[in-house]
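Asker: Got final.cif for you, mmCIF, C-alpha atoms:
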```cif
data_upload
loop_
_atom_site.label_atom_id
_atom_site.label_comp_id
_atom_site.auth_asym_id
_atom_site.auth_seq_id
_atom_site.Cartn_x
_atom_site.Cartn_y
_atom_site.Cartn_z
CA MET J 1 -14.18 0.63 35.82
CA GLN J 2 -11.87 3.14 34.16
CA CYS J 3 -9.09 4.02 36.49
CA GLY J 4 -6.59 6.76 35.73
CA TRP J 5 -4.41 4.50 33.59
CA SER J 6 -6.60 4.71 30.49
CA LEU J 7 -6.75 8.48 30.72
CA LEU J 8 -3.03 9.14 31.07
CA GLY J 9 -2.26 9.58 27.39
CA PRO J 10 0.61 8.55 25.12
CA LEU J 11 3.15 10.94 26.62
CA GLN J 12 2.73 9.39 30.06
CA TRP J 13 2.47 5.84 28.80
CA ILE J 14 5.70 6.04 26.86
CA ARG J 15 7.53 6.82 30.09
CA TYR J 16 6.64 3.38 31.44
CA ILE J 17 8.15 1.57 28.42
CA ASN J 18 11.12 -0.75 28.97
CA LYS J 19 10.50 -0.90 32.68
CA GLN J 20 9.49 -3.82 34.80
CA VAL J 21 5.97 -3.13 36.05
CA LYS J 22 3.43 -4.70 38.33
CA VAL J 23 -0.15 -4.41 37.08
CA LYS J 24 -3.10 -4.92 39.42
CA THR J 25 -6.29 -6.07 37.75
CA GLY J 26 -8.32 -7.29 40.65
CA LYS J 27 -8.34 -7.84 44.38
CA ASP J 28 -5.67 -10.52 44.29
CA GLU J 29 -4.66 -10.44 40.67
CA GLU J 30 -1.29 -9.12 39.69
CA HIS J 31 0.74 -9.36 36.54
CA ARG J 32 4.43 -8.63 36.34
CA GLY J 33 6.71 -8.21 33.40
CA TRP J 34 8.76 -5.91 31.22
CA LEU J 35 6.47 -3.38 29.58
CA LEU J 36 6.97 -3.62 25.85
CA THR J 37 4.29 -1.19 24.70
CA VAL J 38 0.94 0.32 25.53
CA ASP J 39 -1.77 0.39 22.90
CA PRO J 40 -2.94 4.01 22.61
CA VAL J 41 -6.38 2.94 21.40
CA SER J 42 -7.29 0.55 24.22
CA ALA J 43 -4.62 1.40 26.85
CA SER J 44 -3.67 -2.29 26.91
CA LEU J 45 -0.28 -3.19 28.33
CA VAL J 46 1.99 -5.72 26.68
CA LEU J 47 4.15 -7.43 29.31
CA VAL J 48 7.06 -9.70 28.42
CA ASN J 49 8.70 -12.26 30.67
CA PHE J 50 11.88 -13.93 29.52
CA HIS J 51 12.50 -17.57 30.28
CA ASP J 52 16.09 -18.39 29.52
CA ASP J 53 16.17 -22.17 29.37
CA ALA J 54 19.36 -23.99 28.66
CA VAL J 55 17.44 -26.25 26.29
CA GLY J 56 15.43 -23.93 24.14
CA GLY J 57 17.53 -20.82 24.31
CA GLY J 58 15.78 -17.57 25.10
CA ARG J 59 12.03 -17.86 25.06
CA ALA J 60 9.55 -15.23 26.06
CA SER J 61 6.02 -15.40 27.34
CA VAL J 62 3.92 -12.38 26.53
CA GLN J 63 0.85 -11.22 28.40
CA VAL J 64 -1.48 -8.51 27.16
CA VAL J 65 -3.55 -6.86 29.89
CA MET J 66 -6.59 -4.99 28.60
CA GLY J 67 -6.71 -1.31 29.51
CA HIS J 68 -10.22 -1.37 30.89
CA ALA J 69 -9.24 -4.02 33.47
CA VAL J 70 -6.23 -2.18 34.85
CA GLN J 71 -6.58 -0.84 38.34
CA GLU J 72 -3.04 0.11 39.23
CA VAL J 73 0.36 0.14 37.57
CA GLN J 74 3.55 0.23 39.61
CA VAL J 75 7.08 0.51 38.30
CA LEU J 76 9.43 -2.04 39.85
CA GLN J 77 12.70 -1.39 38.08
CA ASP J 78 14.27 0.03 34.95
CA ALA J 79 15.67 -2.22 32.27
CA ASP J 80 19.38 -2.35 31.57
CA GLN J 81 20.74 -1.87 28.06
CA GLU J 82 20.69 -5.59 27.22
CA THR J 83 17.09 -6.14 28.24
CA THR J 84 15.98 -3.01 26.40
CA GLU J 85 17.60 -4.19 23.20
CA ARG J 86 16.12 -7.63 23.61
CA LEU J 87 12.68 -6.17 24.17
CA GLN J 88 12.81 -3.80 21.25
CA SER J 89 14.02 -6.42 18.81
CA SER J 90 11.62 -9.16 19.87
CA PHE J 91 8.84 -8.27 17.47
CA LEU J 92 10.64 -6.49 14.69
CA PRO J 93 10.73 -8.29 11.35
CA PRO J 94 14.07 -10.00 10.76
CA ARG J 95 16.44 -7.56 9.06
CA ALA J 96 18.05 -9.07 6.00
CA ARG J 97 21.81 -8.78 5.75
CA PRO J 98 22.78 -5.68 3.80
CA LEU J 99 23.92 -6.67 0.32
CA ALA J 100 27.09 -5.53 -1.40
CA PRO J 101 26.60 -2.83 -4.06
CA GLU J 102 27.40 -5.16 -6.99
CA GLN J 103 24.91 -7.72 -5.76
CA LEU J 104 22.34 -4.97 -5.31
CA GLY J 105 23.03 -3.76 -8.84
CA GLN J 106 22.64 -7.28 -10.19
CA ARG J 107 19.41 -7.75 -8.32
CA ARG J 108 18.12 -4.41 -9.54
CA ALA J 109 18.97 -5.34 -13.12
CA GLY J 110 17.29 -8.71 -12.68
CA VAL J 111 14.07 -7.17 -11.35
CA ARG J 112 14.13 -4.58 -14.10
CA ARG J 113 14.55 -7.27 -16.79
CA TRP J 114 11.67 -9.27 -15.32
CA LEU J 115 9.40 -6.23 -15.30
CA GLU J 116 10.35 -5.35 -18.88
CA GLU J 117 9.70 -8.94 -19.98
CA ASN J 118 6.24 -8.51 -18.55
CA ARG J 119 5.70 -5.29 -20.50
CA VAL J 120 5.75 -3.05 -17.41
CA PRO J 121 7.33 0.37 -18.02
CA VAL J 122 10.27 0.74 -15.67
CA GLN J 123 13.09 3.25 -15.33
CA GLU J 124 16.19 3.18 -13.26
CA ASP J 125 16.52 6.19 -10.97
CA GLY J 126 19.84 5.89 -9.15
CA GLU J 127 19.41 3.14 -6.59
CA GLU J 128 15.65 2.91 -7.10
CA LEU J 129 13.37 1.64 -9.82
CA LEU J 130 10.51 3.83 -11.01
CA VAL J 131 7.61 1.80 -12.29
CA ALA J 132 4.94 3.36 -14.48
CA GLY J 133 5.64 6.73 -12.87
CA ALA J 134 3.55 5.71 -9.85
CA LEU J 135 5.55 3.16 -7.90
CA THR J 136 9.08 3.11 -6.48
CA ILE J 137 11.06 0.00 -5.67
CA MET J 138 13.92 0.44 -3.23
CA ALA J 139 16.76 -1.89 -2.30
CA PRO J 140 16.75 -4.87 -1.93
CA TYR J 141 13.96 -4.89 -4.55
CA GLY J 142 11.64 -7.38 -2.92
CA PRO J 143 7.83 -7.25 -2.85
CA GLU J 144 7.93 -5.49 0.54
CA ASP J 145 10.14 -2.74 -0.83
CA CYS J 146 7.55 -1.34 -3.22
CA CYS J 147 6.08 2.07 -2.37
CA SER J 148 3.11 3.53 -4.11
CA SER J 149 -0.03 5.48 -3.40
CA ASN J 150 -1.94 3.53 -6.03
CA GLN J 151 -3.25 0.35 -4.45
CA ILE J 152 -3.95 -1.47 -7.68
CA ILE J 153 -0.54 -0.89 -9.20
CA LEU J 154 1.10 -1.78 -5.88
CA ASP J 155 -0.76 -5.06 -5.70
CA ARG J 156 0.01 -6.01 -9.31
CA VAL J 157 3.71 -5.20 -9.12
CA GLN J 158 4.10 -6.97 -5.77
CA ARG J 159 2.55 -10.11 -7.21
CA LEU J 160 4.75 -9.86 -10.28
CA ILE J 161 7.94 -9.57 -8.27
CA GLN J 162 6.81 -12.41 -6.03
CA SER J 163 6.37 -14.66 -9.05
CA GLN J 164 9.75 -13.82 -10.53
CA PRO J 165 11.78 -16.98 -11.05
CA ALA J 166 14.74 -17.00 -8.65
CA ALA J 167 18.07 -15.73 -9.96
CA ALA J 168 19.75 -19.04 -9.20
CA ARG J 169 17.33 -20.84 -11.42
CA ARG J 170 18.15 -18.34 -14.14
CA ALA J 171 21.89 -19.08 -13.85
CA THR J 172 21.43 -22.85 -14.13
CA ARG J 173 19.14 -22.37 -17.10
CA LYS J 174 21.86 -20.32 -18.79
CA ARG J 175 24.48 -22.94 -18.03
CA LYS J 176 22.22 -25.73 -19.22
CA ALA J 177 21.51 -23.84 -22.45
CA GLN J 178 25.23 -23.36 -23.03
CA GLN J 179 25.92 -27.03 -22.37
CA HIS J 180 23.14 -28.01 -24.72
CA ARG J 181 24.56 -25.81 -27.45
CA ALA J 182 28.06 -27.22 -26.90
CA ARG J 183 26.75 -30.76 -27.16
CA ALA J 184 24.84 -29.92 -30.29
CA ASN J 185 27.96 -28.45 -31.89
CA HIS J 186 29.98 -31.49 -30.91
CA ALA J 187 27.37 -33.82 -32.34
CA SER J 188 27.24 -31.99 -35.65
CA ARG J 189 31.06 -32.03 -35.91
CA ALA J 190 31.11 -35.76 -35.31
CA GLN J 191 28.44 -36.25 -37.96
CA ARG J 192 30.43 -34.20 -40.47
CA ARG J 193 33.57 -36.27 -39.86
CA HIS J 194 31.56 -39.43 -40.31
CA HIS J 195 30.10 -38.20 -43.58
CA ALA J 196 33.54 -37.11 -44.76
CA ALA J 197 34.95 -40.51 -43.87
CA GLN J 198 32.15 -42.27 -45.72
CA SER J 199 32.47 -40.16 -48.83
CA CYS J 200 36.26 -40.37 -48.91
CA PRO J 201 37.34 -43.97 -48.27
CA ILE J 202 41.03 -43.11 -48.63
CA MET J 203 41.04 -41.10 -45.42
CA ALA J 204 39.58 -43.90 -43.30
CA MET L 1 -18.89 -20.50 34.38
CA GLN L 2 -16.05 -23.00 34.33
CA ILE L 3 -16.80 -26.29 36.06
CA THR L 4 -13.71 -27.35 37.93
CA GLY L 5 -12.64 -29.92 40.46
CA GLY L 6 -13.73 -33.48 40.71
CA ASN L 7 -15.49 -33.86 37.38
CA LYS L 8 -13.96 -36.01 34.67
CA LYS L 9 -12.48 -33.82 31.97
CA LEU L 10 -14.48 -34.30 28.78
CA ASN L 11 -12.65 -34.95 25.56
CA MET L 12 -13.31 -31.74 23.63
CA ALA L 13 -11.78 -32.75 20.32
CA THR L 14 -14.85 -32.59 18.08
CA PRO L 15 -16.17 -29.12 17.38
CA VAL L 16 -19.69 -28.33 18.54
CA SER L 17 -22.22 -26.94 16.14
CA VAL L 18 -22.84 -23.24 16.29
CA LEU L 19 -25.33 -22.36 19.02
CA ARG L 20 -28.11 -20.02 18.02
CA LEU L 21 -28.93 -18.01 21.11
CA PRO L 22 -32.49 -16.72 21.41
CA LYS L 23 -33.07 -13.33 19.84
CA GLY L 24 -33.47 -10.30 22.05
CA PRO L 25 -36.20 -7.72 21.78
CA ASP L 26 -34.70 -6.14 18.66
CA PRO L 27 -32.81 -7.95 15.91
CA ASN L 28 -29.32 -6.79 16.89
CA SER L 29 -29.30 -7.14 20.63
CA ARG L 30 -26.50 -9.72 20.90
CA GLY L 31 -24.06 -7.14 22.10
CA PHE L 32 -22.32 -6.22 18.87
CA ASP L 33 -24.68 -3.68 17.37
CA PRO L 34 -22.77 -0.39 17.47
CA LYS L 35 -25.96 1.66 17.68
CA SER L 36 -27.33 -0.07 20.76
CA PRO L 37 -27.26 2.11 23.90
CA ARG L 38 -25.34 -0.61 25.77
CA PHE L 39 -22.59 -0.61 23.20
CA ILE L 40 -22.34 3.16 23.18
CA ALA L 41 -22.19 3.30 26.96
CA LEU L 42 -19.66 0.52 27.47
CA CYS L 43 -17.49 0.54 24.40
CA ARG L 44 -15.93 3.73 23.26
CA THR L 45 -14.67 3.22 19.75
CA SER L 46 -11.41 4.99 20.31
CA ILE L 47 -9.58 7.09 22.79
CA PRO L 48 -9.50 10.66 21.46
CA THR L 49 -6.39 12.83 21.55
CA SER L 50 -6.19 14.65 24.83
CA ALA L 51 -7.77 18.06 24.81
CA VAL L 52 -4.72 20.24 24.28
CA SER L 53 -4.91 23.74 25.65
CA GLU L 54 -3.29 26.59 23.76
CA ALA L 55 -0.41 26.60 26.25
CA ASP L 56 1.01 23.26 25.12
CA VAL L 57 0.32 23.26 21.44
CA GLU L 58 3.92 22.17 20.92
CA GLN L 59 3.15 19.01 22.90
CA LEU L 60 0.82 17.83 20.17
CA PRO L 61 3.49 16.61 17.69
CA LYS L 62 5.31 14.91 20.58
CA GLU L 63 2.10 13.22 21.64
CA GLN L 64 1.39 12.12 18.11
CA HIS L 65 4.88 10.70 17.73
CA ALA L 66 4.56 8.82 21.02
CA ARG L 67 1.15 7.54 19.99
CA SER L 68 2.41 6.24 16.65
CA VAL L 69 5.46 4.55 18.19
CA LEU L 70 3.31 2.81 20.78
CA ARG L 71 0.68 1.78 18.26
CA GLU L 72 3.21 0.40 15.78
CA SER L 73 4.82 -1.66 18.50
CA PHE L 74 1.42 -2.98 19.56
CA LEU L 75 0.46 -3.85 15.99
CA ARG L 76 3.70 -5.78 15.49
CA CYS L 77 2.95 -7.65 18.67
CA LEU L 78 -0.53 -8.52 17.38
CA LEU L 79 0.99 -9.63 14.07
CA SER L 80 3.22 -12.06 15.91
CA VAL L 81 0.30 -13.57 17.86
CA THR L 82 -1.68 -14.60 14.80
CA ASN L 83 -2.18 -18.36 14.55
CA LYS L 84 -0.64 -18.94 17.97
CA LYS L 85 -2.33 -20.59 20.91
CA VAL L 86 -3.41 -18.02 23.46
CA GLN L 87 -4.99 -18.30 26.86
CA PHE L 88 -7.75 -15.80 27.61
CA HIS L 89 -8.34 -14.81 31.21
CA MET L 90 -11.80 -13.38 31.47
CA TYR L 91 -14.10 -12.21 34.21
CA GLU L 92 -15.73 -14.70 36.60
CA ARG L 93 -12.51 -16.71 36.64
CA VAL L 94 -13.04 -17.99 33.11
CA LYS L 95 -9.91 -19.29 31.41
CA VAL L 96 -10.19 -20.47 27.82
CA GLU L 97 -7.67 -21.43 25.20
CA ALA L 98 -7.95 -20.59 21.53
CA THR L 99 -5.94 -19.94 18.39
CA PHE L 100 -5.68 -16.22 17.79
CA GLY L 101 -7.01 -15.00 14.47
CA ALA L 102 -7.33 -11.25 14.34
CA SER L 103 -8.30 -8.15 16.24
CA ASP L 104 -10.32 -5.24 14.92
CA ILE L 105 -8.89 -1.75 14.67
CA ASP L 106 -10.31 -0.45 17.95
CA VAL L 107 -9.43 -3.62 19.86
CA MET L 108 -13.10 -4.26 20.55
CA ASN L 109 -13.34 -7.87 19.40
CA PHE L 110 -10.93 -10.72 18.84
CA GLN L 111 -11.55 -13.32 16.18
CA VAL L 112 -10.35 -16.73 17.32
CA SER L 113 -10.49 -20.32 16.09
CA ASP L 114 -10.81 -23.55 18.05
CA LEU L 115 -12.04 -21.96 21.23
CA HIS L 116 -12.00 -24.59 23.99
CA THR L 117 -15.01 -23.97 26.20
CA PRO L 118 -16.58 -26.16 28.88
CA ILE L 119 -19.36 -27.07 26.42
CA GLY L 120 -17.03 -28.02 23.60
CA VAL L 121 -14.70 -26.64 20.98
CA GLN L 122 -16.12 -23.71 19.02
CA LYS L 123 -14.60 -23.76 15.58
CA GLU L 124 -14.74 -19.97 15.08
CA ALA L 125 -15.66 -17.37 17.66
CA LEU L 126 -15.66 -13.65 18.31
CA ILE L 127 -14.58 -12.62 21.77
CA ARG L 128 -15.57 -9.22 23.15
CA CYS L 129 -12.57 -7.38 24.56
CA GLN L 130 -14.69 -5.91 27.33
CA ASP L 131 -15.01 -9.45 28.71
CA VAL L 132 -11.27 -10.13 28.63
CA ILE L 133 -8.98 -9.19 31.48
CA SER L 134 -5.78 -10.41 29.85
CA PHE L 135 -4.49 -12.94 27.39
CA SER L 136 -1.11 -14.62 27.22
CA PHE L 137 0.94 -16.58 24.72
CA ASP L 138 4.47 -17.80 24.14
CA ALA L 139 6.55 -15.84 21.69
#
```
Any chance you could give the structure as structure tokens?
Answerer:
Amino acid sequence: MQCGWSLLGPLQWIRYINKQVKVKTGKDEEHRGWLLTVDPVSASLVLVNFHDDAVGGGRASVQVVMGHAVQEVQVLQDADQETTERLQSSFLPPRARPLAPEQLGQRRAGVRRWLEENRVPVQEDGEELLVAGALTIMAPYGPEDCCSSNQIILDRVQRLIQSQPAAARRATRKRKAQQHRARANHASRAQRRHHAAQSCPIMA
Amino acid sequence: MQITGGNKKLNMATPVSVLRLPKGPDPNSRGFDPKSPRFIALCRTSIPTSAVSEADVEQLPKEQHARSVLRESFLRCLLSVTNKKVQFHMYERVKVEATFGASDIDVMNFQVSDLHTPIGVQKEALIRCQDVISFSFDA
């Protein structure tokens, strides 16, 4: 039951993107929605319908119509700028806020220290970290920012970065160590005074 | 296939044991063997690039770019469906609900969990895409 839709090709399909379409799949079956994408392998259409409730904020229901079941596709209307943006950003991974350069530098140094502690050869190359000559870590130096063509190294380094203790924990550990040292110094000073007092009764 | 109207709705909470359907004439005739003539006839493994004539050789990079943009968008969509409840609308007015697991690369089969069928809840199931008209979920 292959109608022309599956044979159109990517160049034709991409022209239907971001438009509201009506898809006929049977005698009385119709699906409507904003066309998000068409899978080039199976010619399946991904239709999105927005439900803007006052309670839950913007929610969307998504329907995927398989390519082999499509009989007819009709364009109803084009999307305006707002709907297009909403559509395109609905499935993208959440973009982290861009960090300031000093914070980036600190994070880079932190990741580099962690790798060196774990005996992994790492070099700083401008804004990037070069690991073992086979892997590059870009800002913001998370496990997803590692690029390599060597699967084994990629997997190992990603796991290593994932298991790095958080920077905040590092800061408190430093503070705690400093406090501990201060207390120790204080205690030893008090002990010395006590001894001095004991040995020299005149000063008491 | 779906029994509707009038009957009391059975409580489908407990999973049913896996049904072993009778074997066909040869060991792999349950519809998934890629070498069976039925599979080859009905399920193309992938849509090939359109036969480009010499006249529009410059269309090829544009087509490839369009193809990759569309595919990436589709894959992100599939990524967001994983572990969500989806409703499958299949032929013969069959509507079943399941938790989406994964799809294979050619979108030939969907792996789902907790498939609610009229005979009970199948803990794990493989659904053939040729049988599915559409499926829907809430983002």
Asker: Carefully work through the PyMOL selection byres ((chain L) within 7 of (chain J)) for this structure and note down the residues it includes, as a list in words.
Answerer: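 Selected by the PyMOL selection byres ((chain L) within 7 of (chain J)) here: Ser46, Ile47, Ser50, Glu63, Ala66, Arg67, Leu70, Arg71, Ser73, Phe74, Arg76, Cys77, Ser80, Asp106, Val107, Val132, Ile133, Ser134, Phe135, Ser136, Phe137, Asp138 and Ala139 of chain L.
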Asker: Using all atoms listed in the file, which residues sit within 12 Å of stretch 124-130 of chain J once same-chain residues fewer than 2 positions away are excluded, as a PyMOL selection string?
Answerer: chain J and resi 101-102+104-113+115-116+120-122+132-142+145-148+157
Asker: As a PyMOL selection string, please: the residues near L:Asp114 (cut-off 6 Å, all atoms listed in the file, same-chain neighbours under 5 positions excluded).
Answerer: chain L and resi 98+121-123
Asker: If the box runs along x, y and z of the file and leaves 6 Å on each side of stretch 4-11 of chain J, what are its centre and edge lengths in Å, one decimal, as AutoDock Vina command-line options?
Answerer:
```
--center_x -1.8 --center_y 7.7 --center_z 30.4 --size_x 21.9 --size_y 18.4 --size_z 22.6
```
Asker: Can you spell out as a ChimeraX atom specification the set of residues that the PyMOL selection byres ((chain L and resi 85) around 6) selects in the structure I just provided?
Answerer: /L:84,86,98-99
Asker: Please, what distance in Å, to one decimal, runs between atom CA of L:Ala125 and atom CA of L:Ile105?
Answerer: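 These two atoms are separated by 17.3 Å.
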Asker: So the first atom is atom CA of J:Ala79 and the second is atom CA of J:Glu29; what is the distance between them in Å, to one decimal place?
Answerer: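 Between these atoms lies a distance of 23.5 Å.
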Asker: Could you check how far atom CA of L:Val16 sits from atom CA of L:Glu97, in Å to one decimal?
Answerer: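 Answer for the atom CA of L:Val16 to atom CA of L:Glu97 separation: 15.4 Å.
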